[in-house]
$ cat data04.cif   # mmCIF, C-alpha atoms and all ligand atoms
data_run
#
loop_
_atom_site.label_atom_id
_atom_site.label_comp_id
_atom_site.auth_asym_id
_atom_site.auth_seq_id
_atom_site.Cartn_x
_atom_site.Cartn_y
_atom_site.Cartn_z
CA MET O 1 24.31 -28.30 -26.14
CA GLY O 2 21.59 -30.13 -28.04
CA LEU O 3 21.06 -32.55 -25.19
CA LEU O 4 20.87 -29.76 -22.64
CA PHE O 5 18.32 -27.96 -24.77
CA ALA O 6 16.25 -31.10 -25.18
CA ARG O 7 16.36 -31.73 -21.44
CA SER O 8 15.25 -28.25 -20.45
CA PHE O 9 12.54 -28.42 -23.10
CA VAL O 10 11.17 -31.57 -21.50
CA LEU O 11 11.36 -30.00 -18.05
CA VAL O 12 9.59 -26.81 -19.07
CA THR O 13 6.88 -28.76 -20.90
CA ALA O 14 6.38 -30.99 -17.88
CA LEU O 15 6.00 -27.93 -15.64
CA LEU O 16 3.54 -26.33 -18.05
CA VAL O 17 1.41 -29.46 -18.13
CA LEU O 18 1.50 -29.63 -14.33
CA CYS O 19 0.37 -26.02 -14.13
CA LEU O 20 -2.56 -26.74 -16.41
CA LEU O 21 -3.69 -29.61 -14.22
CA LEU O 22 -3.18 -27.98 -10.83
CA PRO O 23 -3.35 -24.32 -9.85
CA CYS O 24 0.28 -23.25 -10.11
CA HIS O 25 0.53 -21.22 -6.91
CA ALA O 26 3.41 -18.84 -7.05
CA LYS O 27 5.17 -19.51 -3.80
CA LEU O 28 6.77 -16.26 -2.77
CA SER O 29 10.39 -16.28 -1.69
CA THR O 30 12.78 -13.58 -0.53
CA LYS O 31 15.38 -15.16 -2.87
CA PHE O 32 13.15 -15.30 -5.93
CA TYR O 33 15.41 -13.07 -8.07
CA ALA O 34 18.72 -14.09 -6.45
CA LYS O 35 19.95 -15.65 -9.69
CA THR O 36 17.85 -13.84 -12.32
CA CYS O 37 18.09 -10.25 -11.05
CA PRO O 38 20.42 -10.05 -8.07
CA ASN O 39 20.48 -6.24 -8.05
CA VAL O 40 16.74 -5.63 -8.12
CA GLU O 41 16.53 -4.54 -4.49
CA SER O 42 19.37 -2.03 -4.80
CA ILE O 43 17.86 -0.64 -8.00
CA VAL O 44 14.50 -0.07 -6.31
CA ARG O 45 16.16 1.59 -3.34
CA ALA O 46 18.32 3.75 -5.61
CA VAL O 47 15.22 5.24 -7.25
CA MET O 48 13.15 5.47 -4.08
CA ALA O 49 15.79 7.24 -1.97
CA PRO O 50 16.06 10.42 -4.06
CA ALA O 51 12.31 10.43 -4.78
CA VAL O 52 11.49 10.42 -1.06
CA ALA O 53 14.29 12.87 -0.27
CA ALA O 54 12.92 15.29 -2.87
CA GLU O 55 9.35 14.90 -1.64
CA PRO O 56 8.76 12.95 1.58
CA ARG O 57 5.05 12.64 0.82
CA MET O 58 5.97 10.43 -2.13
CA GLY O 59 6.99 7.77 0.39
CA ALA O 60 3.50 7.87 1.87
CA SER O 61 1.91 7.75 -1.57
CA ILE O 62 3.85 4.60 -2.51
CA ILE O 63 2.86 2.87 0.74
CA ARG O 64 -0.76 3.58 -0.07
CA LEU O 65 -0.35 2.43 -3.67
CA PHE O 66 0.72 -0.99 -2.38
CA PHE O 67 -2.34 -1.23 -0.10
CA HIS O 68 -4.67 -0.27 -2.93
CA ASP O 69 -3.04 -2.83 -5.22
CA CYS O 70 -3.21 -5.72 -2.76
CA PHE O 71 -6.82 -5.14 -1.67
CA VAL O 72 -8.15 -5.54 -5.20
CA ASN O 73 -7.73 -9.13 -6.42
CA GLY O 74 -4.35 -9.46 -4.74
CA CYS O 75 -0.98 -7.76 -5.17
CA ASP O 76 -0.84 -8.01 -8.95
CA ALA O 77 -0.09 -4.46 -10.15
CA SER O 78 -3.66 -4.22 -11.44
CA ILE O 79 -3.78 -0.67 -10.09
CA LEU O 80 -1.01 0.36 -12.50
CA LEU O 81 -2.91 -0.41 -15.72
CA ASP O 82 -4.01 2.65 -17.65
CA ASP O 83 -7.52 2.73 -19.08
CA THR O 84 -7.76 1.78 -22.77
CA PRO O 85 -10.75 1.40 -25.10
CA THR O 86 -10.84 -2.29 -24.16
CA LEU O 87 -9.73 -2.21 -20.54
CA THR O 88 -11.29 -0.31 -17.65
CA GLY O 89 -8.55 -0.04 -15.07
CA GLU O 90 -8.65 0.81 -11.38
CA LYS O 91 -7.10 4.27 -11.53
CA ASN O 92 -10.50 5.90 -11.80
CA ALA O 93 -12.14 3.95 -9.00
CA GLY O 94 -13.54 6.18 -6.26
CA ALA O 95 -10.71 5.59 -3.80
CA ASN O 96 -8.01 6.03 -6.43
CA ALA O 97 -9.06 8.83 -8.78
CA ASN O 98 -7.21 12.11 -8.17
CA SER O 99 -5.88 10.52 -5.03
CA VAL O 100 -3.43 7.67 -5.51
CA ARG O 101 -0.05 8.97 -6.62
CA GLY O 102 3.42 7.66 -7.38
CA TYR O 103 2.79 5.94 -10.72
CA GLU O 104 5.74 7.82 -12.29
CA VAL O 105 8.11 6.61 -9.59
CA ILE O 106 7.09 3.00 -10.25
CA ASP O 107 7.65 3.64 -14.00
CA ALA O 108 11.13 5.00 -13.29
CA ILE O 109 12.00 1.94 -11.21
CA LYS O 110 10.63 -0.41 -13.85
CA THR O 111 12.69 1.25 -16.59
CA ARG O 112 15.89 0.74 -14.60
CA VAL O 113 14.98 -2.82 -13.61
CA GLU O 114 14.18 -3.73 -17.24
CA ALA O 115 17.53 -2.33 -18.34
CA ALA O 116 19.28 -4.59 -15.84
CA CYS O 117 17.10 -7.72 -16.13
CA LYS O 118 14.85 -7.87 -19.15
CA ALA O 119 11.31 -9.28 -18.72
CA THR O 120 12.10 -10.77 -15.32
CA VAL O 121 10.79 -8.70 -12.40
CA SER O 122 7.06 -8.14 -12.07
CA CYS O 123 5.57 -4.71 -11.47
CA ALA O 124 3.76 -6.19 -8.46
CA ASP O 125 7.08 -7.12 -6.84
CA ILE O 126 8.47 -3.66 -7.62
CA VAL O 127 5.53 -2.07 -5.78
CA ALA O 128 6.04 -4.38 -2.77
CA LEU O 129 9.75 -3.51 -2.59
CA ALA O 130 9.13 0.19 -3.13
CA ALA O 131 6.57 0.27 -0.29
CA ARG O 132 9.01 -1.46 2.06
CA ASP O 133 11.71 1.07 1.15
CA ALA O 134 9.29 3.98 1.52
CA VAL O 135 8.55 3.03 5.13
CA ASN O 136 12.23 2.68 5.92
CA LEU O 137 13.25 5.90 4.12
CA LEU O 138 10.72 7.74 6.29
CA ARG O 139 12.63 6.30 9.26
CA GLY O 140 10.30 3.39 9.90
CA PRO O 141 11.13 -0.32 10.16
CA THR O 142 12.38 -2.55 7.38
CA TRP O 143 11.74 -6.19 6.54
CA LYS O 144 12.48 -8.87 3.96
CA VAL O 145 9.98 -8.91 1.10
CA PRO O 146 8.87 -12.30 -0.26
CA LEU O 147 8.93 -12.03 -4.07
CA GLY O 148 7.66 -13.88 -7.11
CA ARG O 149 4.32 -12.17 -7.73
CA LYS O 150 3.03 -11.94 -11.28
CA ASP O 151 1.20 -9.05 -12.93
CA SER O 152 -2.44 -9.57 -13.77
CA ARG O 153 -3.78 -9.26 -17.29
CA THR O 154 -7.04 -7.94 -15.83
CA ALA O 155 -8.16 -5.11 -13.58
CA SER O 156 -11.41 -4.47 -11.75
CA GLN O 157 -12.73 -1.01 -11.10
CA SER O 158 -15.81 -2.47 -9.45
CA ALA O 159 -13.72 -4.57 -7.05
CA ALA O 160 -11.67 -1.47 -6.23
CA ASN O 161 -14.86 0.40 -5.44
CA ALA O 162 -16.18 -2.46 -3.34
CA ASN O 163 -13.04 -3.51 -1.44
CA LEU O 164 -11.28 -0.31 -0.44
CA PRO O 165 -12.65 1.13 2.81
CA GLY O 166 -13.74 4.78 2.93
CA PRO O 167 -12.99 7.58 5.42
CA GLY O 168 -16.45 7.47 6.95
CA SER O 169 -16.18 3.77 7.87
CA SER O 170 -17.19 2.50 11.29
CA ALA O 171 -14.86 0.30 13.33
CA ALA O 172 -17.05 -2.70 12.51
CA SER O 173 -16.89 -2.10 8.77
CA LEU O 174 -13.10 -1.63 8.91
CA VAL O 175 -12.75 -4.95 10.71
CA ALA O 176 -15.02 -6.55 8.10
CA ALA O 177 -13.16 -5.07 5.12
CA PHE O 178 -9.86 -6.49 6.37
CA ALA O 179 -11.39 -9.79 7.44
CA ALA O 180 -12.60 -10.18 3.86
CA LYS O 181 -8.90 -10.22 2.94
CA GLY O 182 -7.93 -12.66 5.67
CA LEU O 183 -6.49 -9.93 7.88
CA SER O 184 -7.33 -9.74 11.58
CA ALA O 185 -8.59 -6.72 13.49
CA ARG O 186 -5.14 -6.46 15.05
CA GLU O 187 -3.51 -6.43 11.60
CA MET O 188 -6.03 -3.82 10.45
CA THR O 189 -5.13 -1.57 13.37
CA ALA O 190 -1.39 -2.08 12.78
CA LEU O 191 -1.67 -1.36 9.04
CA SER O 192 -3.69 1.78 9.74
CA GLY O 193 -0.57 3.13 11.46
CA ALA O 194 0.59 4.04 7.95
CA HIS O 195 -1.56 7.11 8.54
CA THR O 196 1.35 8.47 10.55
CA VAL O 197 2.64 9.82 7.22
CA GLY O 198 1.02 11.43 4.21
CA ARG O 199 -1.68 13.95 3.48
CA VAL O 200 -5.47 13.96 3.29
CA ARG O 201 -7.85 16.19 1.43
CA CYS O 202 -10.25 18.41 3.36
CA LEU O 203 -13.35 16.73 1.94
CA PHE O 204 -12.41 13.52 3.75
CA PHE O 205 -12.21 15.04 7.24
CA ARG O 206 -14.48 18.09 7.09
CA GLY O 207 -17.38 16.26 8.70
CA ARG O 208 -15.18 15.27 11.61
CA ILE O 209 -13.57 18.63 12.37
CA TYR O 210 -16.90 20.50 12.26
CA GLY O 211 -19.27 17.95 13.66
CA GLU O 212 -17.81 15.25 15.86
CA PRO O 213 -17.67 15.40 19.65
CA ASN O 214 -14.67 13.11 20.20
CA ILE O 215 -12.04 15.50 18.81
CA ASN O 216 -9.49 17.69 20.59
CA ALA O 217 -10.79 21.26 20.21
CA THR O 218 -7.37 22.81 19.62
CA PHE O 219 -6.70 20.26 16.90
CA ALA O 220 -10.10 20.79 15.27
CA ALA O 221 -9.57 24.56 15.23
CA ALA O 222 -6.13 24.16 13.64
CA ARG O 223 -7.50 21.94 10.88
CA GLN O 224 -10.47 24.24 10.29
CA ARG O 225 -8.08 27.05 9.34
CA THR O 226 -7.23 25.37 6.04
CA CYS O 227 -10.41 23.33 5.61
CA PRO O 228 -13.40 25.67 5.44
CA GLN O 229 -16.97 24.50 5.83
CA THR O 230 -17.59 25.13 2.16
CA GLY O 231 -14.98 25.02 -0.57
CA GLY O 232 -11.36 23.99 -0.32
CA ASP O 233 -12.20 20.31 -0.82
CA SER O 234 -8.73 19.57 -2.15
CA ASN O 235 -6.80 21.44 0.52
CA LEU O 236 -4.33 19.06 2.11
CA ALA O 237 -3.60 18.43 5.77
CA PRO O 238 -1.08 16.03 7.28
CA PHE O 239 -2.47 13.01 9.10
CA ASP O 240 0.05 13.72 11.86
CA ASP O 241 0.77 17.39 12.39
CA GLN O 242 3.74 16.88 14.74
CA THR O 243 5.93 14.54 12.65
CA PRO O 244 4.08 14.43 9.30
CA ASP O 245 6.87 12.74 7.34
CA THR O 246 8.25 10.37 9.95
CA PHE O 247 7.09 6.77 10.11
CA ASP O 248 6.70 6.56 13.90
CA ASN O 249 3.88 5.55 16.27
CA ALA O 250 2.41 9.05 16.43
CA TYR O 251 -0.75 7.85 14.69
CA TYR O 252 -1.66 6.07 17.92
CA THR O 253 -0.60 8.80 20.35
CA ASN O 254 -2.76 11.10 18.24
CA LEU O 255 -5.75 8.75 18.46
CA VAL O 256 -5.42 8.55 22.26
CA ALA O 257 -5.41 12.37 22.32
CA GLN O 258 -8.53 12.46 20.10
CA ARG O 259 -6.45 13.84 17.26
CA GLY O 260 -7.40 11.28 14.66
CA LEU O 261 -8.05 13.19 11.43
CA MET O 262 -10.61 11.08 9.59
CA HIS O 263 -13.70 9.56 11.16
CA SER O 264 -12.38 6.09 10.30
CA ASP O 265 -9.11 6.84 12.13
CA GLN O 266 -10.73 7.86 15.39
CA GLU O 267 -13.02 4.83 15.18
CA LEU O 268 -10.00 2.75 16.26
CA PHE O 269 -10.00 4.58 19.61
CA ASN O 270 -13.56 5.35 20.49
CA GLY O 271 -14.52 2.97 23.25
CA GLY O 272 -14.37 -0.11 21.02
CA SER O 273 -12.42 -3.34 20.67
CA GLN O 274 -9.20 -1.74 19.36
CA ASP O 275 -8.72 0.77 22.20
CA GLY O 276 -6.34 -1.49 24.13
CA LEU O 277 -4.14 -2.14 21.11
CA VAL O 278 -4.07 1.55 20.19
CA ARG O 279 -2.91 2.34 23.74
CA LYS O 280 -0.26 -0.36 23.49
CA TYR O 281 1.09 0.95 20.16
CA SER O 282 0.97 4.54 21.45
CA GLY O 283 3.17 3.51 24.36
CA ASN O 284 5.53 1.18 22.52
CA ALA O 285 6.87 2.12 19.11
CA LYS O 286 8.81 -1.15 18.82
CA ILE O 287 5.77 -3.37 19.18
CA PHE O 288 4.01 -1.27 16.55
CA ALA O 289 6.98 -1.41 14.16
CA GLY O 290 7.19 -5.20 14.46
CA ASP O 291 3.47 -5.75 14.01
CA PHE O 292 3.35 -3.35 11.08
CA ALA O 293 6.18 -5.11 9.25
CA LYS O 294 4.57 -8.53 9.77
CA ALA O 295 1.19 -7.28 8.60
CA MET O 296 2.74 -5.74 5.46
CA VAL O 297 4.27 -9.10 4.59
CA LYS O 298 0.92 -10.80 5.16
CA MET O 299 -0.98 -8.24 3.08
CA GLY O 300 1.74 -8.60 0.44
CA GLY O 301 0.93 -12.30 0.27
CA LEU O 302 -2.55 -11.66 -1.10
CA LEU O 303 -2.42 -13.11 -4.62
CA PRO O 304 -4.89 -13.22 -7.51
CA ALA O 305 -7.29 -16.14 -7.53
CA ALA O 306 -6.01 -19.28 -9.23
CA GLY O 307 -6.72 -19.13 -12.93
CA THR O 308 -6.29 -15.38 -13.23
CA PRO O 309 -4.20 -14.74 -16.35
CA THR O 310 -0.86 -13.21 -15.40
CA GLU O 311 2.48 -12.22 -16.91
CA VAL O 312 5.56 -10.16 -16.15
CA ARG O 313 4.59 -6.85 -17.70
CA LEU O 314 7.28 -4.97 -19.63
CA ASN O 315 5.58 -1.62 -19.06
CA CYS O 316 3.63 -1.43 -15.81
CA ARG O 317 0.88 0.67 -17.41
CA MET O 318 -0.11 -1.78 -20.14
CA LEU O 319 -0.48 -5.44 -20.97
CA ASN O 320 2.33 -7.03 -22.99
C1 LIG S 401 -8.27 1.27 7.47
C2 LIG S 401 -8.89 1.78 6.42
C3 LIG S 401 -8.33 2.90 5.61
C4 LIG S 401 -9.05 3.97 5.15
C5 LIG S 401 -10.53 4.22 5.37
C6 LIG S 401 -8.14 4.82 4.43
C7 LIG S 401 -8.48 5.98 3.78
C8 LIG S 401 -7.60 6.92 3.29
C9 LIG S 401 -7.97 8.18 2.72
C10 LIG S 401 -9.40 8.68 2.51
C11 LIG S 401 -6.82 8.84 2.41
C12 LIG S 401 -6.69 10.24 1.81
C13 LIG S 401 -6.95 10.23 0.33
C14 LIG S 401 -6.99 11.62 -0.28
O1 LIG S 401 -6.95 12.62 0.42
O2 LIG S 401 -7.05 11.68 -1.52
C15 LIG S 401 -5.73 7.98 2.79
C16 LIG S 401 -4.39 8.30 2.65
C17 LIG S 401 -3.37 7.43 2.96
N1 LIG S 401 -3.49 6.11 3.32
FE1 LIG S 401 -5.16 5.20 3.94
N2 LIG S 401 -6.88 4.27 4.48
C18 LIG S 401 -6.96 3.09 5.17
C19 LIG S 401 -5.91 2.20 5.38
C20 LIG S 401 -4.63 2.38 4.94
C21 LIG S 401 -3.60 1.36 4.94
C22 LIG S 401 -3.81 -0.08 5.38
C23 LIG S 401 -2.48 1.95 4.46
C24 LIG S 401 -1.13 1.34 4.21
C25 LIG S 401 -0.64 0.28 4.81
C26 LIG S 401 -2.80 3.33 4.18
C27 LIG S 401 -1.90 4.29 3.76
C28 LIG S 401 -2.24 5.60 3.49
C29 LIG S 401 -1.26 6.64 3.27
C30 LIG S 401 0.24 6.49 3.45
C31 LIG S 401 -1.96 7.80 2.92
C32 LIG S 401 -1.38 9.15 2.52
C33 LIG S 401 -1.10 9.11 1.03
C34 LIG S 401 -0.51 10.38 0.43
O3 LIG S 401 -0.18 11.33 1.14
O4 LIG S 401 -0.40 10.41 -0.81
N3 LIG S 401 -4.12 3.54 4.45
N4 LIG S 401 -6.24 6.82 3.30
C1 LIG S 402 -5.90 19.39 23.09
O1 LIG S 402 -4.56 19.43 22.64
C2 LIG S 402 -3.80 20.48 23.20
C3 LIG S 402 -2.43 20.42 22.57
O2 LIG S 402 -2.48 20.98 21.31
C4 LIG S 402 -3.73 20.34 24.70
O3 LIG S 402 -3.00 21.43 25.24
C5 LIG S 402 -5.11 20.28 25.28
O4 LIG S 402 -5.02 19.99 26.64
C6 LIG S 402 -5.95 19.20 24.58
N1 LIG S 402 -7.31 19.30 25.04
C7 LIG S 402 -7.92 18.29 25.64
C8 LIG S 402 -9.31 18.55 26.08
O5 LIG S 402 -7.41 17.21 25.81
#
$ encode --input "data04.cif" --output "structure tokens"
Amino acid sequence: MGLLFARSFVLVTALLVLCLLLPCHAKLSTKFYAKTCPNVESIVRAVMAPAVAAEPRMGASIIRLFFHDCFVNGCDASILLDDTPTLTGEKNAGANANSVRGYEVIDAIKTRVEAACKATVSCADIVALAARDAVNLLRGPTWKVPLGRKDSRTASQSAANANLPGPGSSAASLVAAFAAKGLSAREMTALSGAHTVGRVRCLFFRGRIYGEPNINATFAAARQRTCPQTGGDSNLAPFDDQTPDTFDNAYYTNLVAQRGLMHSDQELFNGGSQDGLVRKYSGNAKIFAGDFAKAMVKMGGLLPAAGTPTEVRLNCRMLN
């Protein structure tokens, strides 16, 4: 016993010293918790399934939560930190405030995961798994999620404001926002297919349904019924009015029919560089599903810069 302890002490110390000398890059692995928390994936799924069944939009909200986490200093659960007197979190950034939802579902998963495997599974990994399950529970594809992320001890409201693209974005600025994260235009267009599920507030598409020429008139009139020219800013509309809660390729068939809801959506099919890919995805759901899954894994590989202080949070809303 004593010898074993001494040996592992030496090993751990050696690793710690190594990590101080070199950036200790967490290499993600689909087997990361195979020994330390073998049931983590079934626990996540067991909380996600009833949550999405009770409210399909929750699936969409969790997918978006993952995107908004990863685009701000990597997938590090920074978006989950509540504001405190000494920490300004990301929840009140422009793109997140009164908009991002699903924090309670992540809390519920974390509580069950902690009960099974104390202080082992990061909140960032839980979000990545929950987003994968959300897509699949809405009848979209599934994939293996590389794991081993850590939770940041910092958050950045200013980075959230700077890095998350807005609904008025041009095609060029969308390409640039994703390129800044090492994602190609093709990956940007594939990831945008997440807008085949979920809801949008009137204030984000009003300008388009009342003012833009490249919109199907029947569609514009239908959206105008619940999104008046003045007032009703928070009224919700589905991105996809045919199959609003199904993760299919309808986002792209809608774009080809000039039924993109936000300006930024229709920018992907407006005579520009992504038109061909949008047509391809609109005609082939399998190619879209495969590209989407790959791009989610790649986006999920965005990690905090070396040197960022991290930990496995015990409560996703606060530092240990
Ligand atoms: C390409 C640039 C993108 C822009 C400009 C954008 C913008 C937006 C906006 C403005 C909303 C509505 C927010 C509200 O009404 O409060 C929204 C919703 C949503 N976004 Fe995006 N988004 C983009 C990319 C993505 C990506 C890459 C994903 C995921 C992979 C995603 C997933 C979603 C989902 C699922 C919803 C619905 C959420 C819900 O119903 O709660 N978006 N997005
Ligand atoms: C607009 O969409 C409707 C289906 O709702 C379709 O019947 C109509 O032909 C479309 N209009 C144009 C100009 O494409």
$ atom_distance --input "data04.cif" --atom1 "atom CA of O:Ala185" --atom2 "atom CA of O:Leu261"
20.0 Å
$ residues_near_ligand --input "data04.cif" --ligand "ligand LIG 401 (chain S)" --cutoff "7 Å" --atoms "only C-alpha atoms and all ligand atoms" --output "PyMOL selection string"
chain O and resi 57-58+60-61+63-64+67+98-101+165-169+174+188+191-192+194-195+197-201+204+264+296
$ atom_distance --input "data04.cif" --atom1 "atom CA of O:Ser158" --atom2 "atom CA of O:Thr86"
15.5 Å
$ closest_atom_pairs --input "data04.cif" --of "chain O" --to "ligand LIG 402 (chain S)" --cutoff "12 Å" --atoms "all atoms listed in the file" --output "JSON lines"
{"residue": "O:Pro213", "atom": "CA", "partner": "S:LIG402", "partner_atom": "C8", "distance": 11.0}
{"residue": "O:Asn214", "atom": "CA", "partner": "S:LIG402", "partner_atom": "C8", "distance": 9.6}
{"residue": "O:Ile215", "atom": "CA", "partner": "S:LIG402", "partner_atom": "C8", "distance": 8.3}
{"residue": "O:Asn216", "atom": "CA", "partner": "S:LIG402", "partner_atom": "C1", "distance": 4.7}
{"residue": "O:Ala217", "atom": "CA", "partner": "S:LIG402", "partner_atom": "C1", "distance": 6.0}
{"residue": "O:Thr218", "atom": "CA", "partner": "S:LIG402", "partner_atom": "C1", "distance": 5.1}
{"residue": "O:Phe219", "atom": "CA", "partner": "S:LIG402", "partner_atom": "O2", "distance": 6.1}
{"residue": "O:Ala220", "atom": "CA", "partner": "S:LIG402", "partner_atom": "C1", "distance": 9.0}
{"residue": "O:Ala221", "atom": "CA", "partner": "S:LIG402", "partner_atom": "O2", "distance": 10.0}
{"residue": "O:Ala222", "atom": "CA", "partner": "S:LIG402", "partner_atom": "O2", "distance": 9.1}
{"residue": "O:Arg223", "atom": "CA", "partner": "S:LIG402", "partner_atom": "O2", "distance": 11.6}
{"residue": "O:Asp241", "atom": "CA", "partner": "S:LIG402", "partner_atom": "O2", "distance": 10.1}
{"residue": "O:Gln242", "atom": "CA", "partner": "S:LIG402", "partner_atom": "O2", "distance": 9.9}
{"residue": "O:Thr253", "atom": "CA", "partner": "S:LIG402", "partner_atom": "O1", "distance": 11.6}
{"residue": "O:Asn254", "atom": "CA", "partner": "S:LIG402", "partner_atom": "O1", "distance": 9.6}
{"residue": "O:Leu255", "atom": "CA", "partner": "S:LIG402", "partner_atom": "O5", "distance": 11.3}
{"residue": "O:Val256", "atom": "CA", "partner": "S:LIG402", "partner_atom": "O5", "distance": 9.6}
{"residue": "O:Ala257", "atom": "CA", "partner": "S:LIG402", "partner_atom": "O5", "distance": 6.3}
{"residue": "O:Gln258", "atom": "CA", "partner": "S:LIG402", "partner_atom": "O5", "distance": 7.5}
{"residue": "O:Arg259", "atom": "CA", "partner": "S:LIG402", "partner_atom": "O1", "distance": 8.0}
{"residue": "O:Gly260", "atom": "CA", "partner": "S:LIG402", "partner_atom": "O1", "distance": 11.8}
$ closest_residue --input "data04.cif" --among "O:Leu183, O:Val40, O:Thr246, O:Phe71" --to "O:Glu114" --atoms "all atoms listed in the file"
O:Val40
$ residues_near_point --input "data04.cif" --point "(-9.9, 0.1, -20.6)" --cutoff "12 Å" --atoms "all atoms listed in the file" --output "PyMOL selection string"
chain O and resi 78+81-92+153-157+317-319
$ closest_residue --input "data04.cif" --among "O:Cys75, O:Ala285, O:Ala250, O:Ala95" --to "O:Asp151" --atoms "all atoms listed in the file"
O:Cys75
$ decode --input "data04.cif" --residues "stretch 254-301 of chain O" --atoms "C-alpha atoms" --output "PDB file, in the first residue's frame"
ATOM      1  CA  ASN O 254     -36.552  26.769 -46.925  1.00  0.00           C
ATOM      2  CA  LEU O 255     -33.579  28.906 -47.979  1.00  0.00           C
ATOM      3  CA  VAL O 256     -33.923  27.754 -51.605  1.00  0.00           C
ATOM      4  CA  ALA O 257     -37.611  28.751 -51.425  1.00  0.00           C
ATOM      5  CA  GLN O 258     -36.651  32.171 -49.988  1.00  0.00           C
ATOM      6  CA  ARG O 259     -38.151  31.178 -46.664  1.00  0.00           C
ATOM      7  CA  GLY O 260     -35.141  31.930 -44.524  1.00  0.00           C
ATOM      8  CA  LEU O 261     -36.426  33.723 -41.417  1.00  0.00           C
ATOM      9  CA  MET O 262     -33.547  35.956 -40.361  1.00  0.00           C
ATOM     10  CA  HIS O 263     -31.507  38.122 -42.691  1.00  0.00           C
ATOM     11  CA  SER O 264     -28.392  36.131 -41.764  1.00  0.00           C
ATOM     12  CA  ASP O 265     -30.142  32.871 -42.734  1.00  0.00           C
ATOM     13  CA  GLN O 266     -31.122  33.991 -46.219  1.00  0.00           C
ATOM     14  CA  GLU O 267     -27.615  35.379 -46.736  1.00  0.00           C
ATOM     15  CA  LEU O 268     -26.493  31.755 -47.205  1.00  0.00           C
ATOM     16  CA  PHE O 269     -28.660  31.546 -50.339  1.00  0.00           C
ATOM     17  CA  ASN O 270     -28.621  34.917 -51.979  1.00  0.00           C
ATOM     18  CA  GLY O 271     -26.431  34.607 -55.031  1.00  0.00           C
ATOM     19  CA  GLY O 272     -23.234  34.104 -53.016  1.00  0.00           C
ATOM     20  CA  SER O 273     -20.568  31.483 -52.432  1.00  0.00           C
ATOM     21  CA  GLN O 274     -22.748  29.150 -50.307  1.00  0.00           C
ATOM     22  CA  ASP O 275     -25.623  28.781 -52.800  1.00  0.00           C
ATOM     23  CA  GLY O 276     -24.269  25.538 -54.261  1.00  0.00           C
ATOM     24  CA  LEU O 277     -23.822  23.927 -50.850  1.00  0.00           C
ATOM     25  CA  VAL O 278     -27.282  25.040 -49.719  1.00  0.00           C
ATOM     26  CA  ARG O 279     -28.748  23.417 -52.840  1.00  0.00           C
ATOM     27  CA  LYS O 280     -26.782  20.252 -52.147  1.00  0.00           C
ATOM     28  CA  TYR O 281     -27.971  20.030 -48.519  1.00  0.00           C
ATOM     29  CA  SER O 282     -31.546  20.831 -49.580  1.00  0.00           C
ATOM     30  CA  GLY O 283     -31.454  17.882 -51.962  1.00  0.00           C
ATOM     31  CA  ASN O 284     -29.573  15.424 -49.772  1.00  0.00           C
ATOM     32  CA  ALA O 285     -30.400  15.123 -46.086  1.00  0.00           C
ATOM     33  CA  LYS O 286     -27.705  12.482 -45.556  1.00  0.00           C
ATOM     34  CA  ILE O 287     -24.859  14.677 -46.751  1.00  0.00           C
ATOM     35  CA  PHE O 288     -26.122  17.440 -44.483  1.00  0.00           C
ATOM     36  CA  ALA O 289     -26.431  15.111 -41.475  1.00  0.00           C
ATOM     37  CA  GLY O 290     -22.877  13.826 -41.953  1.00  0.00           C
ATOM     38  CA  ASP O 291     -21.377  17.278 -42.411  1.00  0.00           C
ATOM     39  CA  PHE O 292     -23.302  18.644 -39.450  1.00  0.00           C
ATOM     40  CA  ALA O 293     -22.089  15.886 -37.129  1.00  0.00           C
ATOM     41  CA  LYS O 294     -18.468  16.383 -38.218  1.00  0.00           C
ATOM     42  CA  ALA O 295     -18.690  20.135 -37.789  1.00  0.00           C
ATOM     43  CA  MET O 296     -20.177  19.750 -34.285  1.00  0.00           C
ATOM     44  CA  VAL O 297     -17.215  17.586 -33.295  1.00  0.00           C
ATOM     45  CA  LYS O 298     -14.826  20.161 -34.735  1.00  0.00           C
ATOM     46  CA  MET O 299     -16.568  23.071 -33.001  1.00  0.00           C
ATOM     47  CA  GLY O 300     -16.571  20.970 -29.828  1.00  0.00           C
ATOM     48  CA  GLY O 301     -12.797  20.771 -30.074  1.00  0.00           C
TER      49      GLY O 301
END
